[in-house]
>>> print(open('entry.tsv').read())   # TSV, C-alpha atoms and all ligand atoms
chain	number	residue	atom	x	y	z
A	1	MET	CA	49.62	170.44	108.80
A	2	TRP	CA	52.41	170.94	106.23
A	3	ASP	CA	55.26	168.66	105.28
A	4	THR	CA	58.65	170.20	104.65
A	5	PHE	CA	62.09	169.33	103.33
A	6	TYR	CA	64.65	167.97	105.75
A	7	THR	CA	68.33	168.79	105.43
A	8	THR	CA	71.49	166.90	106.37
A	9	THR	CA	72.27	169.60	108.95
A	10	ASP	CA	71.09	168.73	112.48
A	11	ASP	CA	68.10	170.70	113.79
A	12	LEU	CA	67.56	172.44	110.47
A	13	ILE	CA	64.42	172.13	108.38
A	14	LEU	CA	63.03	174.53	105.82
A	15	ARG	CA	60.10	176.61	107.04
A	16	THR	CA	56.69	175.94	105.52
A	17	HIS	CA	55.41	179.48	106.09
A	18	THR	CA	56.63	182.84	107.37
A	19	SER	CA	54.63	182.79	110.63
A	20	PRO	CA	57.72	181.76	112.67
A	21	GLY	CA	58.94	185.33	112.00
A	22	GLN	CA	56.22	186.66	114.32
A	23	ILE	CA	57.86	185.46	117.51
A	24	HIS	CA	61.15	187.16	116.60
A	25	ALA	CA	59.40	190.48	116.01
A	26	MET	CA	57.38	190.23	119.23
A	27	ARG	CA	60.37	189.33	121.38
A	28	GLU	CA	62.34	192.22	119.96
A	29	TYR	CA	59.65	194.88	120.47
A	30	ALA	CA	57.47	193.73	123.40
A	31	PRO	CA	55.82	195.40	125.22
A	32	GLU	CA	55.62	198.13	122.53
A	33	PRO	CA	52.80	197.84	119.95
A	34	ILE	CA	54.01	196.51	116.59
A	35	ARG	CA	53.08	196.58	112.90
A	36	VAL	CA	55.44	194.45	110.86
A	37	ILE	CA	55.68	192.89	107.42
A	38	LEU	CA	57.91	189.82	107.19
A	39	PRO	CA	58.57	188.64	103.64
A	40	GLY	CA	60.53	185.47	102.91
A	41	LYS	CA	60.78	182.19	101.07
A	42	SER	CA	58.83	179.12	102.20
A	43	TYR	CA	59.05	175.46	101.25
A	44	ARG	CA	56.56	172.64	101.17
A	45	TYR	CA	57.02	169.03	100.27
A	46	GLU	CA	53.96	168.63	98.10
A	47	GLN	CA	53.02	167.89	94.54
A	48	VAL	CA	53.92	170.69	92.12
A	49	THR	CA	50.88	171.72	90.09
A	50	ALA	CA	49.67	174.76	88.14
A	51	ARG	CA	48.53	176.17	91.51
A	52	SER	CA	51.25	175.06	93.94
A	53	GLU	CA	55.02	175.19	93.85
A	54	SER	CA	57.27	173.48	96.45
A	55	MET	CA	59.18	176.77	96.86
A	56	PHE	CA	57.41	180.13	97.01
A	57	TYR	CA	57.40	183.51	98.71
A	58	GLN	CA	55.18	184.53	101.57
A	59	VAL	CA	54.52	187.91	103.09
A	60	GLU	CA	53.60	187.79	106.75
A	61	GLY	CA	51.86	190.70	108.45
A	62	LEU	CA	51.47	191.18	112.19
A	63	ALA	CA	49.82	193.89	114.26
A	64	VAL	CA	49.86	193.79	118.07
A	65	GLY	CA	48.48	196.50	120.31
A	66	LYS	CA	45.70	197.44	122.69
A	67	GLY	CA	42.14	197.19	121.43
A	68	ILE	CA	42.87	195.51	118.08
A	69	THR	CA	39.80	193.60	116.91
A	70	PHE	CA	38.72	191.32	114.08
A	71	SER	CA	37.20	194.40	112.39
A	72	ASP	CA	40.71	195.84	112.05
A	73	LEU	CA	41.86	192.63	110.38
A	74	LYS	CA	38.92	192.70	107.96
A	75	GLY	CA	39.49	196.37	107.21
A	76	VAL	CA	43.19	195.90	106.41
A	77	ILE	CA	42.55	192.91	104.16
A	78	THR	CA	39.64	194.57	102.37
A	79	ASN	CA	41.72	197.70	101.83
A	80	PHE	CA	44.60	195.60	100.45
A	81	ALA	CA	42.29	193.70	98.08
A	82	ASN	CA	40.68	196.91	96.83
A	83	GLN	CA	44.08	198.39	96.02
A	84	MET	CA	45.50	195.22	94.51
A	85	TYR	CA	42.50	194.06	92.45
A	86	GLY	CA	40.40	197.18	92.12
A	87	GLU	CA	37.38	198.31	94.10
A	88	GLY	CA	34.30	196.16	94.21
A	89	ARG	CA	35.74	192.75	93.34
A	90	LYS	CA	33.87	190.05	95.23
A	91	MET	CA	35.58	188.79	98.38
A	92	ARG	CA	34.72	186.33	101.07
A	93	PHE	CA	36.08	185.33	104.47
A	94	ARG	CA	35.89	181.61	105.26
A	95	LYS	CA	36.38	180.20	108.73
A	96	SER	CA	39.54	178.14	108.95
A	97	TYR	CA	42.08	176.71	111.34
A	98	PHE	CA	45.67	177.71	111.96
A	99	PRO	CA	47.52	176.69	115.13
A	100	PHE	CA	48.68	180.24	115.96
A	101	THR	CA	45.47	182.24	115.47
A	102	GLU	CA	41.98	182.03	116.99
A	103	PRO	CA	39.64	182.62	115.27
A	104	SER	CA	41.21	181.96	111.88
A	105	VAL	CA	39.99	182.79	108.39
A	106	GLU	CA	40.97	182.35	104.78
A	107	THR	CA	40.20	185.11	102.33
A	108	ASP	CA	39.10	184.35	98.81
A	109	ILE	CA	38.70	186.66	95.88
A	110	GLU	CA	36.58	186.10	92.82
A	111	CYS	CA	38.74	184.35	90.19
A	112	VAL	CA	40.05	186.95	87.74
A	113	LEU	CA	40.80	184.40	85.04
A	114	CYS	CA	37.28	183.03	84.70
A	115	GLY	CA	35.26	185.79	86.43
A	116	GLY	CA	33.84	183.28	88.88
A	117	LYS	CA	32.65	180.72	86.31
A	118	GLY	CA	35.28	178.12	87.25
A	119	CYS	CA	38.62	177.18	85.67
A	120	SER	CA	41.69	175.04	86.39
A	121	ILE	CA	43.38	177.82	88.43
A	122	CYS	CA	40.43	178.18	90.83
A	123	LYS	CA	39.83	174.42	90.86
A	124	TYR	CA	36.44	175.11	89.23
A	125	THR	CA	35.12	176.91	92.33
A	126	GLY	CA	35.18	180.47	90.95
A	127	TRP	CA	37.24	181.59	93.98
A	128	LEU	CA	40.94	181.90	94.64
A	129	GLU	CA	42.42	181.91	98.11
A	130	ILE	CA	44.66	184.94	98.53
A	131	LEU	CA	45.64	184.66	102.18
A	132	GLY	CA	45.21	183.07	105.58
A	133	ALA	CA	44.71	185.24	108.64
A	134	GLY	CA	43.33	185.46	112.14
A	135	MET	CA	43.53	186.96	115.61
A	136	VAL	CA	46.83	186.13	117.27
A	137	HIS	CA	46.33	183.28	119.76
A	138	PRO	CA	46.69	184.45	123.39
A	139	VAL	CA	49.37	181.84	124.04
A	140	VAL	CA	51.38	183.17	121.08
A	141	LEU	CA	51.10	186.69	122.52
A	142	GLN	CA	52.26	185.40	125.88
A	143	TYR	CA	55.33	183.72	124.39
A	144	GLY	CA	56.01	186.94	122.52
A	145	GLY	CA	56.14	188.87	125.80
A	146	TYR	CA	52.67	190.45	125.76
A	147	ASP	CA	49.97	190.16	128.39
A	148	PRO	CA	46.98	188.73	126.47
A	149	SER	CA	44.54	190.35	128.92
A	150	LYS	CA	45.78	193.76	127.73
A	151	PHE	CA	47.05	193.13	124.20
A	152	SER	CA	45.48	191.62	121.11
A	153	GLY	CA	46.54	191.42	117.51
A	154	PHE	CA	45.98	190.02	114.07
A	155	ALA	CA	48.24	188.31	111.58
A	156	PHE	CA	48.05	187.27	107.95
A	157	GLY	CA	50.20	185.42	105.45
A	158	MET	CA	49.88	185.87	101.72
A	159	GLY	CA	51.60	184.40	98.67
A	160	PRO	CA	52.87	187.04	96.22
A	161	GLU	CA	53.16	184.54	93.36
A	162	ARG	CA	49.53	183.57	93.72
A	163	ILE	CA	48.52	187.23	93.83
A	164	ALA	CA	50.59	187.90	90.70
A	165	LEU	CA	48.76	185.02	88.97
A	166	GLN	CA	45.57	186.94	89.50
A	167	ARG	CA	46.88	190.36	88.54
A	168	TYR	CA	48.59	189.25	85.34
A	169	SER	CA	46.14	186.45	84.47
A	170	ILE	CA	48.88	183.81	84.51
A	171	ASP	CA	47.55	180.30	84.34
A	172	ASP	CA	50.50	178.38	85.81
A	173	ILE	CA	52.59	179.17	88.92
A	174	ARG	CA	55.49	177.06	87.60
A	175	TYR	CA	56.41	179.84	85.15
A	176	PHE	CA	57.88	181.85	88.04
A	177	TYR	CA	60.80	179.43	88.42
A	178	ALA	CA	61.10	178.16	84.84
A	179	ASN	CA	63.46	181.02	83.86
A	180	ASP	CA	61.76	181.68	80.54
A	181	MET	CA	62.90	185.19	79.56
A	182	ARG	CA	59.65	185.92	77.70
A	183	PHE	CA	57.72	185.37	80.92
A	184	LEU	CA	60.15	187.28	83.13
A	185	GLU	CA	60.11	190.28	80.81
A	186	ARG	CA	56.33	190.31	80.82
A	187	VAL	CA	55.88	190.40	84.60
A	188	GLY	CA	59.17	192.12	85.50
A	201	ZN	ZN	38.77	180.53	87.72
>>> encode(input="entry.tsv", output="structure tokens", more="lines below")
Ligand SMILES: [Zn+2]
Amino acid sequence: MWDTFYTTTDDLILRTHTSPGQIHAMREYAPEPIRVILPGKSYRYEQVTARSESMFYQVEGLAVGKGITFSDLKGVITNFANQMYGEGRKMRFRKSYFPFTEPSVETDIECVLCGGKGCSICKYTGWLEILGAGMVHPVVLQYGGYDPSKFSGFAFGMGPERIALQRYSIDDIRYFYANDMRFLERVG
């Protein structure tokens, strides 16, 4: 689903998202319940635009335990959005597909820059995707060392740069790596 950068070192490619961190956490802690945050850099071989950089940060979240449901996922994300953007900002969950969650969703928030009217940052939709999430796929749980008939979990991955775009009303993600001191002082 994502193209990456290949290196001259055998068996080494740059990760396209932080989800591969999940398996490490599960194998370390199974069969104990877990709540982890896994931040790190990700890379994608794609066109650099005002919205997308080829190198960016992601923050992965994973919760595994007994009786975890989709409501827990929605509650955590809604709570996060309320704290990050202020209470009452419009949000929506869209069905989506990721190979490691089922069901999967993407969460959008009303575009702060244009207030939902449409601008270049929100691709004239009025919405900005803030994260991808879903219920951990039973096979992923199994590989992590959990019995999927007893355990369930949710996971999400969010991009801090994109979230900062919203919070600080920045209109171009490329500023983050342009090393312009005026920009760094403003958001630092
Ligand atoms: Zn907009």
>>> closest_residue(input="entry.tsv", among="A:Lys74, A:Lys95, A:Lys117, A:His24", to="ligand ZN 201 (chain A)", atoms="all atoms listed in the file")
A:Lys117
>>> closest_residue(input="entry.tsv", among="A:Ile109, A:Met158, A:Ile68, A:Ala63", to="A:Ala30", atoms="all atoms listed in the file")
A:Ala63
>>> residues_near_ligand(input="entry.tsv", ligand="ligand ZN 201 (chain A)", cutoff="7 Å", atoms="all atoms listed in the file", output="PyMOL selection string")
chain A and resi 111-127
>>> atom_distance(input="entry.tsv", atom1="atom CA of A:Tyr45", atom2="atom CA of A:Thr7")
12.4 Å
>>> atom_distance(input="entry.tsv", atom1="atom CA of A:Lys41", atom2="atom CA of A:Ile77")
21.4 Å
>>> closest_residue(input="entry.tsv", among="A:Thr101, A:Gln142, A:Thr16, A:Ser54", to="A:Arg174", atoms="all atoms listed in the file")
A:Ser54
>>> closest_residue(input="entry.tsv", among="A:Leu184, A:Ala133, A:Ile34, A:Ala155", to="A:Gly61", atoms="only C-alpha atoms")
A:Ala155
>>> closest_residue(input="entry.tsv", among="A:Pro31, A:Gly40, A:Pro20, A:Gly153", to="A:Ser71", atoms="only C-alpha atoms")
A:Gly153
>>> closest_residue(input="entry.tsv", among="A:Gly21, A:Pro33, A:Pro160, A:Gly134", to="A:Met84", atoms="only C-alpha atoms")
A:Pro160
>>> residues_around(input="entry.tsv", residues="A:Ser104", least_positions_apart="3", cutoff="10 Å", atoms="only C-alpha atoms", output="MDAnalysis selection string")
chainID A and resid 70 93:101 132:137 154:156
>>> write_last_selection(input="entry.tsv", atoms="C-alpha atoms", output="mmCIF file, in the frame of the given file")
data_model
loop_
_atom_site.group_PDB
_atom_site.id
_atom_site.type_symbol
_atom_site.label_atom_id
_atom_site.label_comp_id
_atom_site.auth_asym_id
_atom_site.auth_seq_id
_atom_site.Cartn_x
_atom_site.Cartn_y
_atom_site.Cartn_z
ATOM 1 C CA PHE A 70 38.720 191.320 114.080
ATOM 2 C CA PHE A 93 36.080 185.330 104.470
ATOM 3 C CA ARG A 94 35.890 181.610 105.260
ATOM 4 C CA LYS A 95 36.380 180.200 108.730
ATOM 5 C CA SER A 96 39.540 178.140 108.950
ATOM 6 C CA TYR A 97 42.080 176.710 111.340
ATOM 7 C CA PHE A 98 45.670 177.710 111.960
ATOM 8 C CA PRO A 99 47.520 176.690 115.130
ATOM 9 C CA PHE A 100 48.680 180.240 115.960
ATOM 10 C CA THR A 101 45.470 182.240 115.470
ATOM 11 C CA GLY A 132 45.210 183.070 105.580
ATOM 12 C CA ALA A 133 44.710 185.240 108.640
ATOM 13 C CA GLY A 134 43.330 185.460 112.140
ATOM 14 C CA MET A 135 43.530 186.960 115.610
ATOM 15 C CA VAL A 136 46.830 186.130 117.270
ATOM 16 C CA HIS A 137 46.330 183.280 119.760
ATOM 17 C CA PHE A 154 45.980 190.020 114.070
ATOM 18 C CA ALA A 155 48.240 188.310 111.580
ATOM 19 C CA PHE A 156 48.050 187.270 107.950
#
>>> axis_aligned_box(input="entry.tsv", around="stretch 120-135 of chain A", padding_each_side="8 Å", output="lines of an AutoDock Vina configuration file")
center_x = 40.4
center_y = 180.7
center_z = 101.0
size_x = 26.5
size_y = 28.5
size_z = 45.2
>>> residues_around(input="entry.tsv", residues="A:Gly157", least_positions_apart="6", cutoff="8 Å", atoms="all atoms listed in the file", output="list of chain:residue names")
A:His17, A:Thr18, A:Ser19, A:Gln58, A:Val59, A:Glu60, A:Gly61, A:Leu131, A:Gly132, A:Ala133
>>> atom_distance(input="entry.tsv", atom1="atom CA of A:Asp108", atom2="atom CA of A:Thr78")
10.8 Å
>>> residues_around(input="entry.tsv", residues="A:Arg186", least_positions_apart="6", cutoff="12 Å", atoms="all atoms listed in the file", output="number ranges by chain")
A: 164, 168-170, 175-176, 180
